[in-house]
Amino acid sequence: MSIVVVSGTGTEIGKTVVTAAVAAAAVAAGRTVAVLKPAQTGLAPDERGDADEVVRLSGAKTSAELARYPEPLAPGTAARRARMPQVGAESVAEAARALAAEHDLVLVEGAGGLLVRFDDEGGTLADTARLLGAPVLVVVPAGLGTLNSTALTGEALRARGIEQLGVVVGSWPAEPDLAARCNLADLPQAADAPLLGAVPEGSGTLDPAAFRAAAPGWLAPVLGGTWDADAFSRAAGA
């Protein structure tokens, strides 16, 4: 895989930290990594964006943003309200291809969920993945309510003929409740795709060196890690 699109079932569920973990595992394996954020919203020009945070945590080579909008809204809405140019799915795909020509792995991190609009024409991260022929890694919450949104995201991908690489729990609680433990078995069924990791809550606050050392242990081998879903589920009491 030279390009992987990282999406999620919603916002504030750990996409950036999961992206950083995948990048860290790739860097540890000797691969050059670029992180592309099509549209960053809700930050001032001088604040560190998601792509920059991935580079800081992971040691990836390159970060890139195509647009930044001041209000914390969907990219299309934020661009329209700021009277700034919108980002289209085609331009995101072109930028990803250009980065892939110079890096072993490009991670494209979306904003919010899979079908959040980039522009008034209705372009989405799903359209970018389809244009690239790239698989999508879906980041999901651990607890109650995650199964429906996970199933809907999987259906949306299959309806568009897009490969779902798998799902990763973006913030696994230190003390998981019954719903979270049961979801370890139920999430792959809901997604119709494998469970490929669980990132502990608070991992984004780790020192970068500690983050890079730990990251492969949070991810399955297909993502460059050593994590085993069955062993994790047993340890969690699922």
# chains A, B, ... in the order shown; residues from 1 in each chain; ligands from 1
call {"tool": "select_by_dssp", "arguments": {"residues": "region 60-234 of chain A", "states": "alpha helix (DSSP H)", "output": "PDB file with C-alpha atoms, in the first residue's frame"}}
result
ATOM      1  CA  PRO A  75     -14.702  21.858   5.325  1.00  0.00           C
ATOM      2  CA  GLY A  76     -17.256  22.885   2.711  1.00  0.00           C
ATOM      3  CA  THR A  77     -19.228  24.951   5.203  1.00  0.00           C
ATOM      4  CA  ALA A  78     -16.122  26.467   6.790  1.00  0.00           C
ATOM      5  CA  ALA A  79     -14.755  27.500   3.388  1.00  0.00           C
ATOM      6  CA  ARG A  80     -18.055  29.027   2.297  1.00  0.00           C
ATOM      7  CA  ARG A  81     -18.437  31.025   5.517  1.00  0.00           C
ATOM      8  CA  ALA A  82     -14.848  32.264   5.322  1.00  0.00           C
ATOM      9  CA  ALA A  89     -11.837  15.524  -4.094  1.00  0.00           C
ATOM     10  CA  GLU A  90      -9.843  15.587  -7.331  1.00  0.00           C
ATOM     11  CA  SER A  91      -7.322  18.100  -5.981  1.00  0.00           C
ATOM     12  CA  VAL A  92      -6.848  15.979  -2.859  1.00  0.00           C
ATOM     13  CA  ALA A  93      -6.218  12.919  -5.017  1.00  0.00           C
ATOM     14  CA  GLU A  94      -3.712  14.838  -7.137  1.00  0.00           C
ATOM     15  CA  ALA A  95      -1.831  15.994  -4.034  1.00  0.00           C
ATOM     16  CA  ALA A  96      -1.747  12.449  -2.656  1.00  0.00           C
ATOM     17  CA  ARG A  97      -0.370  11.087  -5.923  1.00  0.00           C
ATOM     18  CA  ALA A  98       2.357  13.748  -5.957  1.00  0.00           C
ATOM     19  CA  LEU A  99       3.400  12.854  -2.419  1.00  0.00           C
ATOM     20  CA  ALA A 100       3.327   9.133  -3.249  1.00  0.00           C
ATOM     21  CA  LEU A 125     -13.172  11.779   1.322  1.00  0.00           C
ATOM     22  CA  ALA A 126     -14.904   8.724  -0.119  1.00  0.00           C
ATOM     23  CA  ASP A 127     -14.627  10.293  -3.573  1.00  0.00           C
ATOM     24  CA  THR A 128     -10.925  10.876  -3.017  1.00  0.00           C
ATOM     25  CA  ALA A 129     -10.394   7.252  -1.985  1.00  0.00           C
ATOM     26  CA  ARG A 130     -12.300   6.069  -5.071  1.00  0.00           C
ATOM     27  CA  LEU A 131     -10.244   8.298  -7.366  1.00  0.00           C
ATOM     28  CA  LEU A 132      -7.033   6.985  -5.831  1.00  0.00           C
ATOM     29  CA  THR A 146     -20.329   2.714  17.887  1.00  0.00           C
ATOM     30  CA  LEU A 147     -21.804  -0.304  16.077  1.00  0.00           C
ATOM     31  CA  ASN A 148     -24.429   1.554  14.060  1.00  0.00           C
ATOM     32  CA  SER A 149     -22.076   4.248  12.779  1.00  0.00           C
ATOM     33  CA  THR A 150     -19.448   1.610  12.025  1.00  0.00           C
ATOM     34  CA  ALA A 151     -21.956  -0.440  10.027  1.00  0.00           C
ATOM     35  CA  LEU A 152     -23.161   2.629   8.109  1.00  0.00           C
ATOM     36  CA  THR A 153     -19.607   3.613   7.205  1.00  0.00           C
ATOM     37  CA  GLY A 154     -18.886   0.090   5.984  1.00  0.00           C
ATOM     38  CA  GLU A 155     -22.049   0.108   3.862  1.00  0.00           C
ATOM     39  CA  ALA A 156     -21.096   3.459   2.342  1.00  0.00           C
ATOM     40  CA  LEU A 157     -17.677   2.128   1.375  1.00  0.00           C
ATOM     41  CA  ARG A 158     -19.029  -1.076  -0.138  1.00  0.00           C
ATOM     42  CA  ALA A 159     -21.695   0.814  -2.092  1.00  0.00           C
ATOM     43  CA  LEU A 178     -19.183  -3.942  29.269  1.00  0.00           C
ATOM     44  CA  ALA A 179     -20.165  -2.315  25.964  1.00  0.00           C
ATOM     45  CA  ALA A 180     -16.547  -1.615  25.016  1.00  0.00           C
ATOM     46  CA  ARG A 181     -15.469  -5.167  25.845  1.00  0.00           C
ATOM     47  CA  CYS A 182     -18.350  -6.683  23.858  1.00  0.00           C
ATOM     48  CA  ASN A 183     -17.617  -4.369  20.941  1.00  0.00           C
ATOM     49  CA  LEU A 184     -14.248  -6.018  20.394  1.00  0.00           C
ATOM     50  CA  ALA A 185     -16.167  -9.000  19.000  1.00  0.00           C
ATOM     51  CA  ASP A 186     -19.026  -7.019  17.475  1.00  0.00           C
ATOM     52  CA  LEU A 187     -17.101  -4.308  15.615  1.00  0.00           C
ATOM     53  CA  PRO A 188     -15.676  -6.609  12.911  1.00  0.00           C
ATOM     54  CA  GLN A 189     -19.187  -7.941  12.268  1.00  0.00           C
ATOM     55  CA  ALA A 190     -20.646  -4.441  12.073  1.00  0.00           C
ATOM     56  CA  ALA A 191     -17.898  -3.244   9.764  1.00  0.00           C
ATOM     57  CA  PRO A 208       7.232  11.375  20.916  1.00  0.00           C
ATOM     58  CA  ALA A 209       9.969   8.844  21.688  1.00  0.00           C
ATOM     59  CA  ALA A 210       7.611   6.872  23.949  1.00  0.00           C
ATOM     60  CA  PHE A 211       4.822   7.119  21.386  1.00  0.00           C
ATOM     61  CA  ARG A 212       7.024   5.769  18.593  1.00  0.00           C
ATOM     62  CA  ALA A 213       8.250   2.894  20.749  1.00  0.00           C
ATOM     63  CA  ALA A 214       4.725   1.867  21.744  1.00  0.00           C
ATOM     64  CA  ALA A 229      -7.029  -9.025  18.201  1.00  0.00           C
ATOM     65  CA  ASP A 230      -7.725 -12.373  19.863  1.00  0.00           C
ATOM     66  CA  ALA A 231      -5.090 -11.921  22.547  1.00  0.00           C
ATOM     67  CA  PHE A 232      -6.239  -8.364  23.216  1.00  0.00           C
ATOM     68  CA  SER A 233      -9.854  -9.450  23.528  1.00  0.00           C
ATOM     69  CA  ARG A 234      -8.966 -12.202  25.984  1.00  0.00           C
TER      70      ARG A 234
END
call {"tool": "closest_residue", "arguments": {"among": "A:Val87, A:Glu53, A:Arg117, A:Asp177", "to": "Gly237 (chain A)", "atoms": "only C-alpha atoms"}}
result
A:Asp177
call {"tool": "residues_around", "arguments": {"residues": "Thr226 (chain A)", "least_positions_apart": "4", "cutoff": "6 Å", "atoms": "only C-alpha atoms", "output": "PDB file with N, CA, C and O atoms, in the first residue's frame"}}
result
ATOM      1  N   PRO A 216       3.759   0.371  17.447  1.00  0.00           N
ATOM      2  CA  PRO A 216       3.563  -0.921  16.779  1.00  0.00           C
ATOM      3  C   PRO A 216       2.765  -1.920  17.607  1.00  0.00           C
ATOM      4  O   PRO A 216       2.083  -2.787  17.048  1.00  0.00           O
ATOM      5  N   GLY A 217       2.816  -1.798  18.928  1.00  0.00           N
ATOM      6  CA  GLY A 217       2.061  -2.704  19.781  1.00  0.00           C
ATOM      7  C   GLY A 217       0.578  -2.434  19.812  1.00  0.00           C
ATOM      8  O   GLY A 217      -0.192  -3.226  20.384  1.00  0.00           O
ATOM      9  N   ALA A 220      -2.227  -4.045  14.235  1.00  0.00           N
ATOM     10  CA  ALA A 220      -2.067  -5.386  13.672  1.00  0.00           C
ATOM     11  C   ALA A 220      -0.945  -5.407  12.628  1.00  0.00           C
ATOM     12  O   ALA A 220      -0.531  -4.361  12.111  1.00  0.00           O
ATOM     13  N   PRO A 221      -0.457  -6.602  12.290  1.00  0.00           N
ATOM     14  CA  PRO A 221       0.652  -6.703  11.332  1.00  0.00           C
ATOM     15  C   PRO A 221       0.392  -6.040   9.979  1.00  0.00           C
ATOM     16  O   PRO A 221       1.328  -5.502   9.374  1.00  0.00           O
TER      17      PRO A 221
END
call {"tool": "closest_atom_pairs", "arguments": {"of": "region 102-135 of chain A", "to": "region 9-23 of chain A", "cutoff": "10 Å", "atoms": "only C-alpha atoms", "output": "JSON lines"}}
result
{"residue": "A:Leu105", "atom": "CA", "partner": "A:Ala23", "partner_atom": "CA", "distance": 8.3}
{"residue": "A:Val106", "atom": "CA", "partner": "A:Ala23", "partner_atom": "CA", "distance": 8.8}
{"residue": "A:Leu107", "atom": "CA", "partner": "A:Thr19", "partner_atom": "CA", "distance": 7.1}
{"residue": "A:Val108", "atom": "CA", "partner": "A:Thr19", "partner_atom": "CA", "distance": 8.6}
{"residue": "A:Glu109", "atom": "CA", "partner": "A:Thr19", "partner_atom": "CA", "distance": 7.1}
{"residue": "A:Gly110", "atom": "CA", "partner": "A:Lys15", "partner_atom": "CA", "distance": 8.2}
{"residue": "A:Ala111", "atom": "CA", "partner": "A:Thr11", "partner_atom": "CA", "distance": 7.2}
{"residue": "A:Gly112", "atom": "CA", "partner": "A:Thr11", "partner_atom": "CA", "distance": 4.3}
{"residue": "A:Gly113", "atom": "CA", "partner": "A:Gly10", "partner_atom": "CA", "distance": 4.6}
{"residue": "A:Leu114", "atom": "CA", "partner": "A:Thr9", "partner_atom": "CA", "distance": 7.1}
{"residue": "A:Leu115", "atom": "CA", "partner": "A:Thr9", "partner_atom": "CA", "distance": 9.5}
{"residue": "A:Val116", "atom": "CA", "partner": "A:Gly10", "partner_atom": "CA", "distance": 9.3}
call {"tool": "write_last_selection", "arguments": {"atoms": "N, CA, C and O atoms", "output": "JSON list (two decimals), in the first residue's frame"}}
result
[["chain", "number", "residue", "atom", "x", "y", "z"],
["A", 105, "LEU", "N", 4.92, 5.80, 1.76],
["A", 105, "LEU", "CA", 3.55, 5.72, 2.25],
["A", 105, "LEU", "C", 2.99, 7.12, 2.41],
["A", 105, "LEU", "O", 3.66, 8.01, 2.97],
["A", 106, "VAL", "N", 1.77, 7.33, 1.93],
["A", 106, "VAL", "CA", 1.04, 8.58, 2.13],
["A", 106, "VAL", "C", -0.22, 8.26, 2.92],
["A", 106, "VAL", "O", -1.00, 7.38, 2.53],
["A", 107, "LEU", "N", -0.42, 8.96, 4.02],
["A", 107, "LEU", "CA", -1.62, 8.82, 4.83],
["A", 107, "LEU", "C", -2.47, 10.07, 4.65],
["A", 107, "LEU", "O", -2.01, 11.18, 4.94],
["A", 108, "VAL", "N", -3.68, 9.88, 4.16],
["A", 108, "VAL", "CA", -4.60, 11.00, 3.93],
["A", 108, "VAL", "C", -5.62, 10.98, 5.06],
["A", 108, "VAL", "O", -6.47, 10.09, 5.13],
["A", 109, "GLU", "N", -5.54, 11.95, 5.96],
["A", 109, "GLU", "CA", -6.44, 11.99, 7.11],
["A", 109, "GLU", "C", -7.60, 12.93, 6.85],
["A", 109, "GLU", "O", -7.41, 14.14, 6.65],
["A", 110, "GLY", "N", -8.81, 12.39, 6.87],
["A", 110, "GLY", "CA", -9.99, 13.19, 6.62],
["A", 110, "GLY", "C", -10.40, 14.02, 7.81],
["A", 110, "GLY", "O", -9.80, 13.98, 8.90],
["A", 111, "ALA", "N", -11.47, 14.80, 7.61],
["A", 111, "ALA", "CA", -12.07, 15.62, 8.67],
["A", 111, "ALA", "C", -13.45, 15.04, 8.98],
["A", 111, "ALA", "O", -14.27, 14.90, 8.08],
["A", 112, "GLY", "N", -13.68, 14.69, 10.24],
["A", 112, "GLY", "CA", -14.98, 14.12, 10.59],
["A", 112, "GLY", "C", -15.14, 12.74, 9.97],
["A", 112, "GLY", "O", -14.21, 11.94, 9.94],
["A", 113, "GLY", "N", -16.33, 12.46, 9.45],
["A", 113, "GLY", "CA", -16.63, 11.16, 8.88],
["A", 113, "GLY", "C", -16.39, 11.08, 7.39],
["A", 113, "GLY", "O", -16.01, 12.05, 6.74],
["A", 114, "LEU", "N", -16.69, 9.92, 6.85],
["A", 114, "LEU", "CA", -16.38, 9.60, 5.46],
["A", 114, "LEU", "C", -17.08, 10.51, 4.45],
["A", 114, "LEU", "O", -16.53, 10.84, 3.41],
["A", 115, "LEU", "N", -18.31, 10.92, 4.74],
["A", 115, "LEU", "CA", -19.12, 11.64, 3.77],
["A", 115, "LEU", "C", -19.27, 13.13, 4.08],
["A", 115, "LEU", "O", -20.14, 13.80, 3.52],
["A", 116, "VAL", "N", -18.42, 13.65, 4.95],
["A", 116, "VAL", "CA", -18.40, 15.10, 5.18],
["A", 116, "VAL", "C", -17.97, 15.80, 3.90],
["A", 116, "VAL", "O", -16.99, 15.40, 3.27]]
call {"tool": "residues_around", "arguments": {"residues": "Gly88 (chain A)", "least_positions_apart": "4", "cutoff": "8 Å", "atoms": "only C-alpha atoms", "output": "count of residues only"}}
result
5
call {"tool": "atom_distance", "arguments": {"atom1": "CA of Glu201 (chain A)", "atom2": "CA of Ala60 (chain A)"}}
result
21.6 Å
